[in-house]
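Trainee: My structure file start06.cif, mmCIF, C-alpha atoms, is below:
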```cif
data_coords
#
loop_
_atom_site.group_PDB
_atom_site.id
_atom_site.type_symbol
_atom_site.label_atom_id
_atom_site.label_comp_id
_atom_site.auth_asym_id
_atom_site.auth_seq_id
_atom_site.Cartn_x
_atom_site.Cartn_y
_atom_site.Cartn_z
ATOM 1 C CA MET A 117 101.127 -85.783 -100.795
ATOM 2 C CA SER A 118 102.365 -85.944 -97.169
ATOM 3 C CA CYS A 119 100.428 -84.606 -94.181
ATOM 4 C CA HIS A 120 102.931 -81.739 -93.956
ATOM 5 C CA ASP A 121 102.387 -80.852 -97.618
ATOM 6 C CA GLU A 122 98.619 -80.966 -97.153
ATOM 7 C CA ARG A 123 98.799 -78.598 -94.190
ATOM 8 C CA VAL A 124 100.970 -76.195 -96.157
ATOM 9 C CA GLN A 125 98.555 -76.463 -99.086
ATOM 10 C CA ARG A 126 95.713 -75.356 -96.820
ATOM 11 C CA TRP A 127 97.411 -72.834 -94.585
ATOM 12 C CA LEU A 128 99.441 -70.658 -96.944
ATOM 13 C CA PRO A 129 96.660 -69.756 -99.405
ATOM 14 C CA ALA A 130 94.352 -69.206 -96.427
ATOM 15 C CA ALA A 131 97.007 -66.979 -94.831
ATOM 16 C CA GLY A 132 97.173 -64.909 -98.024
ATOM 17 C CA ALA A 133 93.394 -64.490 -98.061
ATOM 18 C CA PHE A 134 93.490 -63.617 -94.356
ATOM 19 C CA VAL A 135 96.027 -60.834 -94.950
ATOM 20 C CA VAL A 136 93.942 -59.376 -97.783
ATOM 21 C CA SER A 137 90.784 -59.585 -95.656
ATOM 22 C CA LEU A 138 92.450 -57.522 -92.938
ATOM 23 C CA ASP A 139 91.586 -54.528 -95.131
ATOM 24 C CA SER A 140 88.611 -54.013 -92.802
ATOM 25 C CA MET A 141 91.245 -52.238 -90.656
ATOM 26 C CA VAL A 142 91.213 -49.286 -93.031
ATOM 27 C CA ASN A 143 87.637 -48.294 -92.129
ATOM 28 C CA ILE A 144 88.751 -47.526 -88.587
ATOM 29 C CA ALA A 145 91.566 -45.276 -89.798
ATOM 30 C CA LEU A 146 89.489 -43.134 -92.194
ATOM 31 C CA PRO A 147 88.938 -40.142 -89.848
ATOM 32 C CA ALA A 148 92.626 -40.058 -88.942
ATOM 33 C CA MET A 149 93.599 -40.103 -92.623
ATOM 34 C CA ALA A 150 91.075 -37.374 -93.394
ATOM 35 C CA ALA A 151 92.606 -35.181 -90.694
ATOM 36 C CA ALA A 152 96.159 -35.926 -91.799
ATOM 37 C CA PHE A 153 95.552 -34.900 -95.417
ATOM 38 C CA GLY A 154 92.896 -32.253 -94.771
ATOM 39 C CA GLN A 155 90.287 -34.044 -96.881
ATOM 40 C CA PRO A 156 86.478 -34.030 -96.404
ATOM 41 C CA PRO A 157 84.663 -37.348 -95.818
ATOM 42 C CA GLU A 158 83.237 -37.448 -99.347
ATOM 43 C CA ARG A 159 86.753 -37.519 -100.819
ATOM 44 C CA VAL A 160 88.163 -39.905 -98.220
ATOM 45 C CA ARG A 161 85.535 -42.456 -99.247
ATOM 46 C CA TRP A 162 87.539 -43.014 -102.406
ATOM 47 C CA ILE A 163 90.046 -44.830 -100.215
ATOM 48 C CA ILE A 164 87.403 -47.555 -99.903
ATOM 49 C CA ILE A 165 85.758 -47.221 -103.302
ATOM 50 C CA GLY A 166 89.025 -47.296 -105.243
ATOM 51 C CA TYR A 167 90.173 -50.440 -103.485
ATOM 52 C CA VAL A 168 86.895 -52.363 -103.731
ATOM 53 C CA GLY A 169 86.307 -51.369 -107.345
ATOM 54 C CA THR A 170 89.769 -52.545 -108.338
ATOM 55 C CA TYR A 171 89.727 -55.944 -106.658
ATOM 56 C CA ALA A 172 86.146 -56.647 -107.796
ATOM 57 C CA VAL A 173 87.467 -56.674 -111.371
ATOM 58 C CA THR A 174 90.875 -58.225 -110.827
ATOM 59 C CA SER A 175 89.567 -61.142 -108.730
ATOM 60 C CA PHE A 176 87.962 -62.549 -111.888
ATOM 61 C CA LEU A 177 90.891 -61.597 -114.099
ATOM 62 C CA GLY A 178 93.281 -63.133 -111.574
ATOM 63 C CA GLY A 179 91.585 -66.507 -111.867
ATOM 64 C CA ALA A 180 91.673 -66.299 -115.646
ATOM 65 C CA ALA A 181 95.351 -65.291 -115.681
ATOM 66 C CA ALA A 182 96.186 -68.149 -113.314
ATOM 67 C CA ASP A 183 94.840 -70.665 -115.824
ATOM 68 C CA ARG A 184 97.530 -69.491 -118.240
ATOM 69 C CA LEU A 185 100.414 -68.471 -115.983
ATOM 70 C CA GLY A 186 99.965 -70.817 -113.030
ATOM 71 C CA HIS A 187 98.015 -70.266 -109.838
ATOM 72 C CA LEU A 188 101.065 -70.134 -107.594
ATOM 73 C CA ALA A 189 102.768 -67.510 -109.779
ATOM 74 C CA VAL A 190 99.696 -65.274 -109.786
ATOM 75 C CA PHE A 191 99.174 -65.823 -106.045
ATOM 76 C CA ARG A 192 102.754 -64.771 -105.313
ATOM 77 C CA GLY A 193 102.398 -61.824 -107.648
ATOM 78 C CA GLY A 194 99.234 -60.756 -105.844
ATOM 79 C CA LEU A 195 100.989 -60.894 -102.484
ATOM 80 C CA LEU A 196 103.921 -58.882 -103.860
ATOM 81 C CA VAL A 197 101.666 -56.191 -105.343
ATOM 82 C CA SER A 198 99.589 -56.094 -102.139
ATOM 83 C CA ALA A 199 102.686 -55.653 -99.975
ATOM 84 C CA ALA A 200 103.885 -52.870 -102.286
ATOM 85 C CA GLY A 201 100.494 -51.177 -101.991
ATOM 86 C CA PHE A 202 100.563 -51.422 -98.201
ATOM 87 C CA LEU A 203 104.025 -49.863 -98.140
ATOM 88 C CA VAL A 204 103.036 -47.019 -100.476
ATOM 89 C CA CYS A 205 100.067 -46.218 -98.243
ATOM 90 C CA ALA A 206 102.171 -46.391 -95.081
ATOM 91 C CA ILE A 207 104.619 -43.739 -96.348
ATOM 92 C CA ALA A 208 102.240 -41.744 -98.588
ATOM 93 C CA PRO A 209 103.202 -38.044 -98.466
ATOM 94 C CA ALA A 210 100.015 -36.904 -100.222
ATOM 95 C CA PHE A 211 96.402 -38.000 -100.613
ATOM 96 C CA GLY A 212 96.848 -38.858 -104.297
ATOM 97 C CA VAL A 213 99.726 -41.188 -103.454
ATOM 98 C CA LEU A 214 97.538 -42.872 -100.841
ATOM 99 C CA LEU A 215 94.838 -43.496 -103.450
ATOM 100 C CA ALA A 216 97.434 -44.952 -105.818
ATOM 101 C CA GLY A 217 98.593 -47.288 -103.078
ATOM 102 C CA ARG A 218 95.005 -48.382 -102.509
ATOM 103 C CA ALA A 219 94.627 -49.169 -106.214
ATOM 104 C CA LEU A 220 97.744 -51.338 -105.956
ATOM 105 C CA GLN A 221 96.207 -53.089 -102.962
ATOM 106 C CA GLY A 222 93.025 -53.748 -104.928
ATOM 107 C CA LEU A 223 95.016 -55.205 -107.812
ATOM 108 C CA GLY A 224 97.012 -57.462 -105.513
ATOM 109 C CA GLY A 225 94.002 -58.447 -103.443
ATOM 110 C CA GLY A 226 92.070 -59.463 -106.548
ATOM 111 C CA LEU A 227 94.923 -61.684 -107.692
ATOM 112 C CA VAL A 228 95.073 -63.359 -104.277
ATOM 113 C CA TYR A 229 91.300 -63.850 -104.009
ATOM 114 C CA GLY A 230 91.162 -65.119 -107.587
ATOM 115 C CA THR A 231 93.699 -67.907 -106.971
ATOM 116 C CA THR A 232 93.283 -69.094 -103.374
ATOM 117 C CA PRO A 233 90.246 -71.378 -103.995
ATOM 118 C CA ALA A 234 92.176 -73.372 -106.616
ATOM 119 C CA LEU A 235 95.334 -73.498 -104.502
ATOM 120 C CA VAL A 236 93.630 -74.551 -101.300
ATOM 121 C CA THR A 237 91.719 -77.378 -103.023
ATOM 122 C CA LEU A 238 94.678 -78.604 -105.084
ATOM 123 C CA GLY A 239 94.848 -82.388 -104.861
ATOM 124 C CA ALA A 240 91.661 -82.633 -102.771
ATOM 125 C CA ALA A 241 88.817 -84.896 -103.815
ATOM 126 C CA GLY A 242 85.341 -85.754 -102.622
ATOM 127 C CA ALA A 243 84.335 -84.411 -99.220
ATOM 128 C CA GLU A 244 87.786 -82.928 -98.659
ATOM 129 C CA ARG A 245 87.169 -80.131 -101.188
ATOM 130 C CA PRO A 246 84.250 -78.432 -99.359
ATOM 131 C CA ARG A 247 86.145 -78.809 -96.075
ATOM 132 C CA ARG A 248 89.104 -76.923 -97.521
ATOM 133 C CA ILE A 249 86.830 -74.245 -98.996
ATOM 134 C CA GLY A 250 85.239 -73.913 -95.572
ATOM 135 C CA PHE A 251 88.703 -73.518 -94.055
ATOM 136 C CA LEU A 252 89.492 -70.763 -96.570
ATOM 137 C CA SER A 253 86.177 -69.012 -95.865
ATOM 138 C CA GLY A 254 86.931 -69.167 -92.151
ATOM 139 C CA ALA A 255 90.304 -67.486 -92.700
ATOM 140 C CA ILE A 256 88.674 -64.704 -94.728
ATOM 141 C CA GLY A 257 85.994 -64.209 -92.075
ATOM 142 C CA LEU A 258 88.602 -64.136 -89.324
ATOM 143 C CA GLY A 259 90.505 -61.414 -91.183
ATOM 144 C CA PHE A 260 87.403 -59.271 -91.628
ATOM 145 C CA ALA A 261 86.353 -59.678 -87.985
ATOM 146 C CA THR A 262 89.726 -59.142 -86.286
ATOM 147 C CA GLY A 263 90.924 -56.325 -88.540
ATOM 148 C CA PRO A 264 88.831 -53.571 -86.906
ATOM 149 C CA LEU A 265 89.804 -54.697 -83.400
ATOM 150 C CA VAL A 266 93.522 -54.528 -84.197
ATOM 151 C CA ALA A 267 93.151 -51.285 -86.150
ATOM 152 C CA GLY A 268 91.466 -49.513 -83.251
ATOM 153 C CA LEU A 269 94.433 -50.238 -80.993
ATOM 154 C CA LEU A 270 96.964 -49.282 -83.686
ATOM 155 C CA VAL A 271 95.305 -45.981 -84.593
ATOM 156 C CA ASP A 272 94.974 -44.939 -80.943
ATOM 157 C CA GLY A 273 98.483 -46.032 -80.043
ATOM 158 C CA PHE A 274 100.615 -45.355 -83.115
ATOM 159 C CA GLY A 275 98.551 -43.514 -85.749
ATOM 160 C CA TRP A 276 96.896 -44.548 -88.992
ATOM 161 C CA ARG A 277 100.125 -45.369 -90.836
ATOM 162 C CA ALA A 278 100.701 -48.293 -88.459
ATOM 163 C CA VAL A 279 97.664 -50.025 -90.012
ATOM 164 C CA PHE A 280 99.386 -50.207 -93.386
ATOM 165 C CA ALA A 281 102.807 -50.938 -91.893
ATOM 166 C CA LEU A 282 101.469 -54.022 -90.103
ATOM 167 C CA HIS A 283 99.686 -55.023 -93.296
ATOM 168 C CA ALA A 284 102.944 -54.771 -95.250
ATOM 169 C CA LEU A 285 104.807 -56.922 -92.728
ATOM 170 C CA ALA A 286 102.080 -59.572 -92.756
ATOM 171 C CA GLY A 287 101.896 -59.631 -96.555
ATOM 172 C CA GLY A 288 105.661 -59.860 -96.883
ATOM 173 C CA GLY A 289 105.758 -62.714 -94.389
ATOM 174 C CA VAL A 290 103.178 -64.758 -96.264
ATOM 175 C CA LEU A 291 104.949 -64.036 -99.559
ATOM 176 C CA PHE A 292 108.236 -65.304 -98.108
ATOM 177 C CA ALA A 293 106.558 -68.443 -96.768
ATOM 178 C CA ALA A 294 104.794 -69.090 -100.089
ATOM 179 C CA SER A 295 108.067 -68.706 -101.976
ATOM 180 C CA MET A 296 109.835 -71.121 -99.636
ATOM 181 C CA PHE A 297 107.288 -73.847 -98.966
ATOM 182 C CA LEU A 298 104.330 -73.775 -101.351
ATOM 183 C CA ALA A 299 104.742 -75.837 -104.524
ATOM 184 C CA GLU A 300 102.283 -76.208 -107.352
ATOM 185 C CA SER A 301 102.084 -77.951 -110.690
ATOM 186 C CA ASN A 302 99.546 -76.633 -113.165
ATOM 187 C CA ARG A 303 99.063 -80.187 -114.380
ATOM 188 C CA GLN A 304 97.491 -81.017 -111.028
ATOM 189 C CA LEU A 305 94.712 -78.531 -111.573
ATOM 190 C CA ASN A 306 91.596 -79.691 -113.352
ATOM 191 C CA PRO A 307 91.275 -77.460 -116.451
ATOM 192 C CA ALA A 308 87.579 -78.246 -116.724
ATOM 193 C CA ALA A 309 87.027 -76.844 -113.253
ATOM 194 C CA THR A 310 89.148 -73.717 -113.578
ATOM 195 C CA GLY A 311 89.380 -72.918 -117.255
ATOM 196 C CA ILE A 312 88.058 -69.730 -118.797
ATOM 197 C CA GLY A 313 85.695 -71.576 -121.127
ATOM 198 C CA HIS A 314 84.069 -73.412 -118.225
ATOM 199 C CA THR A 315 83.716 -70.122 -116.333
ATOM 200 C CA VAL A 316 82.017 -68.344 -119.242
ATOM 201 C CA ALA A 317 79.667 -71.292 -119.823
ATOM 202 C CA GLY A 318 78.761 -71.287 -116.139
ATOM 203 C CA TYR A 319 77.901 -67.592 -116.233
ATOM 204 C CA ARG A 320 75.675 -68.141 -119.275
ATOM 205 C CA VAL A 321 73.690 -70.782 -117.405
ATOM 206 C CA LEU A 322 73.316 -68.585 -114.328
ATOM 207 C CA LEU A 323 72.289 -65.506 -116.329
ATOM 208 C CA SER A 324 69.475 -67.511 -117.939
ATOM 209 C CA ASP A 325 67.988 -68.153 -114.472
ATOM 210 C CA ARG A 326 65.638 -65.328 -113.455
ATOM 211 C CA ARG A 327 65.725 -66.333 -109.801
ATOM 212 C CA PHE A 328 69.500 -66.086 -109.822
ATOM 213 C CA ILE A 329 69.324 -62.621 -111.395
ATOM 214 C CA GLY A 330 66.849 -61.523 -108.729
ATOM 215 C CA TYR A 331 69.008 -62.809 -105.900
ATOM 216 C CA ALA A 332 72.103 -61.245 -107.486
ATOM 217 C CA LEU A 333 70.401 -57.846 -107.720
ATOM 218 C CA CYS A 334 69.274 -58.061 -104.095
ATOM 219 C CA ASN A 335 72.792 -58.950 -103.071
ATOM 220 C CA ALA A 336 74.230 -56.078 -105.129
ATOM 221 C CA PHE A 337 71.890 -53.554 -103.488
ATOM 222 C CA ALA A 338 72.657 -54.980 -100.043
ATOM 223 C CA TYR A 339 76.389 -54.840 -100.691
ATOM 224 C CA GLY A 340 76.071 -51.281 -101.966
ATOM 225 C CA ALA A 341 74.245 -50.307 -98.785
ATOM 226 C CA ILE A 342 76.956 -51.952 -96.675
ATOM 227 C CA MET A 343 79.690 -50.079 -98.547
ATOM 228 C CA ALA A 344 77.820 -46.789 -98.153
ATOM 229 C CA PHE A 345 77.613 -47.447 -94.416
ATOM 230 C CA LEU A 346 81.264 -48.443 -94.094
ATOM 231 C CA SER A 347 82.500 -45.357 -95.919
ATOM 232 C CA SER A 348 80.728 -42.990 -93.502
ATOM 233 C CA ALA A 349 80.218 -44.895 -90.239
ATOM 234 C CA SER A 350 83.659 -44.108 -88.827
ATOM 235 C CA PHE A 351 83.051 -40.359 -89.252
ATOM 236 C CA VAL A 352 79.650 -40.598 -87.578
ATOM 237 C CA PHE A 353 80.672 -42.722 -84.616
ATOM 238 C CA MET A 354 84.201 -41.406 -84.052
ATOM 239 C CA GLY A 355 83.778 -37.823 -85.209
ATOM 240 C CA GLY A 356 80.132 -37.140 -84.355
ATOM 241 C CA LEU A 357 79.686 -39.327 -81.269
ATOM 242 C CA GLY A 358 83.254 -39.092 -80.014
ATOM 243 C CA LEU A 359 84.075 -42.811 -79.838
ATOM 244 C CA ALA A 360 87.725 -43.752 -79.579
ATOM 245 C CA ALA A 361 89.197 -45.790 -82.423
ATOM 246 C CA TRP A 362 89.382 -48.928 -80.277
ATOM 247 C CA GLU A 363 85.720 -48.536 -79.253
ATOM 248 C CA PHE A 364 84.527 -48.220 -82.837
ATOM 249 C CA GLY A 365 86.845 -51.055 -83.857
ATOM 250 C CA LEU A 366 85.278 -53.303 -81.222
ATOM 251 C CA MET A 367 81.762 -52.380 -82.312
ATOM 252 C CA PHE A 368 82.612 -52.821 -85.994
ATOM 253 C CA GLY A 369 84.339 -56.152 -85.357
ATOM 254 C CA LEU A 370 81.329 -57.486 -83.445
ATOM 255 C CA ALA A 371 79.057 -56.463 -86.330
ATOM 256 C CA ILE A 372 81.221 -58.383 -88.799
ATOM 257 C CA PHE A 373 81.310 -61.369 -86.443
ATOM 258 C CA GLY A 374 77.496 -61.342 -86.457
ATOM 259 C CA TYR A 375 77.535 -61.236 -90.265
ATOM 260 C CA ILE A 376 79.831 -64.279 -90.389
ATOM 261 C CA LEU A 377 77.690 -66.136 -87.848
ATOM 262 C CA GLY A 378 74.620 -65.406 -89.957
ATOM 263 C CA ASN A 379 76.347 -66.875 -93.004
ATOM 264 C CA LEU A 380 77.196 -70.042 -91.079
ATOM 265 C CA VAL A 381 73.608 -70.411 -89.872
ATOM 266 C CA THR A 382 72.326 -69.847 -93.405
ATOM 267 C CA ALA A 383 74.655 -72.467 -94.864
ATOM 268 C CA ARG A 384 73.397 -75.046 -92.362
ATOM 269 C CA THR A 385 69.668 -74.259 -92.558
ATOM 270 C CA VAL A 386 68.995 -73.152 -96.139
ATOM 271 C CA ALA A 387 68.154 -76.686 -97.304
ATOM 272 C CA ARG A 388 65.483 -77.072 -94.601
ATOM 273 C CA THR A 389 64.179 -73.506 -94.396
ATOM 274 C CA GLY A 390 64.439 -72.286 -97.991
ATOM 275 C CA ILE A 391 66.318 -69.295 -99.317
ATOM 276 C CA ASP A 392 63.215 -67.089 -99.728
ATOM 277 C CA ARG A 393 62.236 -67.427 -96.079
ATOM 278 C CA LEU A 394 65.796 -66.798 -94.893
ATOM 279 C CA MET A 395 66.038 -63.652 -97.015
ATOM 280 C CA ARG A 396 62.778 -62.351 -95.493
ATOM 281 C CA ILE A 397 64.004 -63.122 -91.970
ATOM 282 C CA GLY A 398 67.341 -61.436 -92.618
ATOM 283 C CA THR A 399 65.734 -58.327 -94.114
ATOM 284 C CA THR A 400 63.306 -58.063 -91.170
ATOM 285 C CA LEU A 401 66.092 -58.417 -88.592
ATOM 286 C CA GLY A 402 68.202 -55.809 -90.386
ATOM 287 C CA ALA A 403 65.317 -53.353 -90.554
ATOM 288 C CA ALA A 404 64.473 -53.941 -86.885
ATOM 289 C CA ALA A 405 68.072 -53.343 -85.841
ATOM 290 C CA GLY A 406 68.260 -50.133 -87.851
ATOM 291 C CA ASP A 407 64.972 -48.865 -86.424
ATOM 292 C CA HIS A 408 66.087 -49.676 -82.878
ATOM 293 C CA GLY A 409 69.356 -47.843 -83.484
ATOM 294 C CA ASN A 410 67.429 -44.725 -84.454
#
```
Rewrite the structure of this file - the entire thing - as structure tokens.
Mentor:
Amino acid sequence: MSCHDERVQRWLPAAGAFVVSLDSMVNIALPAMAAAFGQPPERVRWIIIGYVGTYAVTSFLGGAAADRLGHLAVFRGGLLVSAAGFLVCAIAPAFGVLLAGRALQGLGGGLVYGTTPALVTLGAAGAERPRRIGFLSGAIGLGFATGPLVAGLLVDGFGWRAVFALHALAGGGVLFAASMFLAESNRQLNPAATGIGHTVAGYRVLLSDRRFIGYALCNAFAYGAIMAFLSSASFVFMGGLGLAAWEFGLMFGLAIFGYILGNLVTARTVARTGIDRLMRIGTTLGAAAGDHGN
């Protein structure tokens, strides 16, 4: 594989994951969408819940489908469905249509997330594999962190529909590039590393580990708390406190940047410090920040 092919192999799957991760933009636009459709905050939260719930399921199913249909085919399909979902949301005439578009986005996003790790590591061996996974993780983190910043400017300048319009253009661009330049052969993938049987066996091993179950439950509760915050924070800060969309986007983006930085620190120090100690430190810092905010 040439250097050009290797760069394409890294960049295009990462670009797809980046576009999907830009969904953090939607949190900034929630109050504007609520006003546009005359919906209370508790109903508008389904814009987030419907999307996350859909891609949480389809990200696993996308990886399984890719083992049978080909990772590139499923990746392209995910980008196509995502772009269609963005477009539906951008022109949605009613709240129900907006929710349907978000479900499409969740389906497409799950297919993209479920295939990018295999695509980005295709043909890599040894130390190159974790480097490519790190590159992919960086693209996802960059999407989450920059999305709110861009969304704040778009909502203030052009309205909430511009968030989805930009998303559609970005998704369509990556789809075009993937169709033109990204090539894949399923024979190059290691079935033992990506097959459904290997995945199920791996889950059985993990589920027999009580420590893993404990950590997974803690992570699930933490993620649930984060989602509860995200679904209401924009109404509190923009509606209750009167922040402009760009101001809340900046604050939200900085918070996500801190989350990504914390993950990087954890990855580098967990072997020396231990996961239990890091979890205690993280919980203490989070509680202290919340108490100070009150």
Trainee: Could you state which residues are captured by the PyMOL selection byres ((chain A and resi 267) around 12) in this file, as a PyMOL selection string?
Mentor: chain A and resi 138-146+148+259-266+268-283+360-366+368-369
Trainee: Output the selection as a PDB file, keeping the file's coordinate frame - C-alpha atoms for each residue.
Mentor:
```
ATOM      1  CA  LEU A 138      92.450 -57.522 -92.938  1.00  0.00           C
ATOM      2  CA  ASP A 139      91.586 -54.528 -95.131  1.00  0.00           C
ATOM      3  CA  SER A 140      88.611 -54.013 -92.802  1.00  0.00           C
ATOM      4  CA  MET A 141      91.245 -52.238 -90.656  1.00  0.00           C
ATOM      5  CA  VAL A 142      91.213 -49.286 -93.031  1.00  0.00           C
ATOM      6  CA  ASN A 143      87.637 -48.294 -92.129  1.00  0.00           C
ATOM      7  CA  ILE A 144      88.751 -47.526 -88.587  1.00  0.00           C
ATOM      8  CA  ALA A 145      91.566 -45.276 -89.798  1.00  0.00           C
ATOM      9  CA  LEU A 146      89.489 -43.134 -92.194  1.00  0.00           C
ATOM     10  CA  ALA A 148      92.626 -40.058 -88.942  1.00  0.00           C
ATOM     11  CA  GLY A 259      90.505 -61.414 -91.183  1.00  0.00           C
ATOM     12  CA  PHE A 260      87.403 -59.271 -91.628  1.00  0.00           C
ATOM     13  CA  ALA A 261      86.353 -59.678 -87.985  1.00  0.00           C
ATOM     14  CA  THR A 262      89.726 -59.142 -86.286  1.00  0.00           C
ATOM     15  CA  GLY A 263      90.924 -56.325 -88.540  1.00  0.00           C
ATOM     16  CA  PRO A 264      88.831 -53.571 -86.906  1.00  0.00           C
ATOM     17  CA  LEU A 265      89.804 -54.697 -83.400  1.00  0.00           C
ATOM     18  CA  VAL A 266      93.522 -54.528 -84.197  1.00  0.00           C
ATOM     19  CA  GLY A 268      91.466 -49.513 -83.251  1.00  0.00           C
ATOM     20  CA  LEU A 269      94.433 -50.238 -80.993  1.00  0.00           C
ATOM     21  CA  LEU A 270      96.964 -49.282 -83.686  1.00  0.00           C
ATOM     22  CA  VAL A 271      95.305 -45.981 -84.593  1.00  0.00           C
ATOM     23  CA  ASP A 272      94.974 -44.939 -80.943  1.00  0.00           C
ATOM     24  CA  GLY A 273      98.483 -46.032 -80.043  1.00  0.00           C
ATOM     25  CA  PHE A 274     100.615 -45.355 -83.115  1.00  0.00           C
ATOM     26  CA  GLY A 275      98.551 -43.514 -85.749  1.00  0.00           C
ATOM     27  CA  TRP A 276      96.896 -44.548 -88.992  1.00  0.00           C
ATOM     28  CA  ARG A 277     100.125 -45.369 -90.836  1.00  0.00           C
ATOM     29  CA  ALA A 278     100.701 -48.293 -88.459  1.00  0.00           C
ATOM     30  CA  VAL A 279      97.664 -50.025 -90.012  1.00  0.00           C
ATOM     31  CA  PHE A 280      99.386 -50.207 -93.386  1.00  0.00           C
ATOM     32  CA  ALA A 281     102.807 -50.938 -91.893  1.00  0.00           C
ATOM     33  CA  LEU A 282     101.469 -54.022 -90.103  1.00  0.00           C
ATOM     34  CA  HIS A 283      99.686 -55.023 -93.296  1.00  0.00           C
ATOM     35  CA  ALA A 360      87.725 -43.752 -79.579  1.00  0.00           C
ATOM     36  CA  ALA A 361      89.197 -45.790 -82.423  1.00  0.00           C
ATOM     37  CA  TRP A 362      89.382 -48.928 -80.277  1.00  0.00           C
ATOM     38  CA  GLU A 363      85.720 -48.536 -79.253  1.00  0.00           C
ATOM     39  CA  PHE A 364      84.527 -48.220 -82.837  1.00  0.00           C
ATOM     40  CA  GLY A 365      86.845 -51.055 -83.857  1.00  0.00           C
ATOM     41  CA  LEU A 366      85.278 -53.303 -81.222  1.00  0.00           C
ATOM     42  CA  PHE A 368      82.612 -52.821 -85.994  1.00  0.00           C
ATOM     43  CA  GLY A 369      84.339 -56.152 -85.357  1.00  0.00           C
TER      44      GLY A 369
END
```
Trainee: Rank nothing, just name the residue among A:Met354, A:Val124, A:Leu177, A:Ala131 nearest to Ser253 (chain A), using all atoms listed in the file.
Mentor: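 Among A:Met354, A:Val124, A:Leu177, A:Ala131, it is A:Ala131 that comes nearest to Ser253 (chain A).
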Trainee: Return the single residue from A:Ala133, A:Leu196, A:Leu128, A:Val173 that is closest to Gly254 (chain A), with distances computed using all atoms listed in the file.
Mentor: A:Ala133
Trainee: Please report the interatomic distance between CA of Gln125 (chain A) and CA of Ala180 (chain A) in Å with one decimal.
Mentor: 20.6 Å
Trainee: Could you tell me how far CA of Thr231 (chain A) lies from CA of Ser175 (chain A), in Å and to one decimal?
Mentor: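 Separation of CA of Thr231 (chain A) and CA of Ser175 (chain A): 8.1 Å.
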Trainee: Specify as a list in words each residue included when the PyMOL selection byres ((chain A and resi 192) around 8) is applied to this file.
Mentor: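 Checking the PyMOL selection byres ((chain A and resi 192) around 8) against this file, the residues are Leu188, Ala189, Val190, Phe191, Gly193, Gly194, Leu195, Leu196, Val228, Leu291, Ala294 and Ser295 of chain A.
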Trainee: Do you have the CA of Cys205 (chain A)-CA of Val168 (chain A) distance handy?
Mentor: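 So the two atoms, CA of Cys205 (chain A) and CA of Val168 (chain A), lie 15.5 Å apart.
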Trainee: When you count only C-alpha atoms, which of these residues is closest to Gly222 (chain A): A:Gly169, A:Pro157, A:Gly287, A:Pro147?
Mentor: A:Gly169
Trainee: Using all atoms listed in the file, give me every residue within 12 Å of (99.9, -47.8, -105.1) in file coordinates, as number ranges by chain.
Mentor: A: 163, 166-167, 170, 196-208, 210-224, 280
Trainee: Closest to Arg248 (chain A) among A:Leu185, A:Met367, A:Ala130, A:Leu227, using only C-alpha atoms?
Mentor: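 Using only C-alpha atoms, the shortest distance to Arg248 (chain A) belongs to A:Ala130.
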